[in-house]
Structures are given as structure tokens and as C-alpha cells.
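**Student:** This structure is in C-alpha cells; I'll ask about it shortly.
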Amino acid sequence: QVQLVESGGGSVQAGGSLRLTCVVSGSTSRRACMGWFRQAPGKEREGVAVLLSDGGTRYADSVKGRFTISQDNAKNLLYLQMNSLKPEDTAIYYCAADPASGNLCYVWFRNGDFDYWGQGTQVTVSS
């Protein structure tokens with residue numbers, strides 16, 4: 001089992017920055033693949049950024065160049081640094097984990113099909 005708890009959400013004006021943090025605990029082998037997802041009101045959940053088991057990263061086109069996913073293994077933390085925020089970034093952001101490795105991690109990310117999820121943290125960007 002893997003447990004995930006997000007924090008760092010809040011309200012910010014367009015152009016501002018936020019850093020989301022996810023505290024991760026539980027089986028190391030079952031969280032080889034880590035990612036951030038978001039769901040805006042009335043929309044389907046979408047993948048924002050993924051950290052692959054080999055350390056590579058992938059981002060949704062809408063956040064490339066603005067968001068950065070990273071981790072601190074020593075502290076079991078996953079981060080999402082969000083810069084140049086836009087009103088369309090407003091959503092509930094979720095941290096998620098899955099045991100998939102390699103390309104399967106990215107496939108699951110694209111499908112939003114991770115095994116473990118946090119409770120979410122609200123991000124609101126005003127214009």
C-alpha cells in the first residue's frame with residue numbers, strides 16, 4: 001500500500017507561483033511511477049506531470065515550460081512547482097503513484113490509471 005497526502009494549494013493571481021508537496025509513505029516498490037493530475041469543475045481528470053521510474057519526466061502540453069515535477073527521495077516528498085499560473089490552471093490537484101515502470105508508467109499516466117491517490121488540494125488562479 002501507498003499513502004499520499006498533498007498540501008500547498010491555495011489562491012493566487014494570474015502570473016503567480018505555487019509549489020505543491022506530496023508526502024509519500026508505504027511500499028517503495030509500489031510507487032516507482034509518480035505523478036500529478038488535476039480536475040477542473042465540469043471536466044475530466046487530466047495528467048499534468050509524471051516522474052518515470054528512470055527519473056525522466058513528462059508534462060502535459062498545457063503546462064510545459066511552466067510546471068516542474070521533482071522529488072526528494074530522502075524525505076519521501078514529491079513536488080510540483082507551478083509558475084506563470086493561468087486561470088485555466090484552476091483545479092483540484094492530486095498526487096498519485098503506481099508500481100508501473102518504463103513506458104507503462106507513461107501509458108498509465110496518459111490514461112489516468114494509477115493505483116494510489118491522495119485526497120487532492122485546491123488551486124485557484126484569479127485573473
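Order determines the names: the first chain of the C-alpha cells is A, the second B, and so forth; residues in each chain are numbered 1 upward, and ligands are numbered 1 upward as they are shown.
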Using DSSP on the backbone coordinates, identify the residues of chain A assigned to strand (DSSP E); present them as a VMD selection string.

**Tutor:** chain A and resid 2 to 7 10 to 13 18 to 26 33 to 39 46 to 51 57 to 59 67 to 72 77 to 82 91 to 98 116 to 117 121 to 126

**Student:** Please provide as a PyMOL selection string all residues within 10 Å of Ala97 of chain A, with the sequence filter that same-chain residues fewer than 4 positions apart are discarded (counting only C-alpha atoms).

**Tutor:** chain A and resi 2-4+24+30-36+50-51+105+109+113-118

**Student:** Nearest to Gly112 of chain A among A:Thr57, A:Ser29, A:Gln39, A:Ser62, with distances taken over only C-alpha atoms: which residue is it?

**Tutor:** A:Gln39

**Student:** Compile the contact shell of segment 82-93 of chain A as a VMD selection string: residues with an atom at most 12 Å away, counting only C-alpha atoms, same-chain residues fewer than 6 positions apart removed.

**Tutor:** chain A and resid 5 to 22 35 to 49 60 62 to 70 117 to 127

**Student:** Which of these, A:Tyr94, A:Gln71, A:Leu77, A:Asp54, has the shortest distance to Tyr106 of chain A once you count only C-alpha atoms?

**Tutor:**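 Checking each candidate against Tyr106 of chain A, we get A:Asp54 as the closest.
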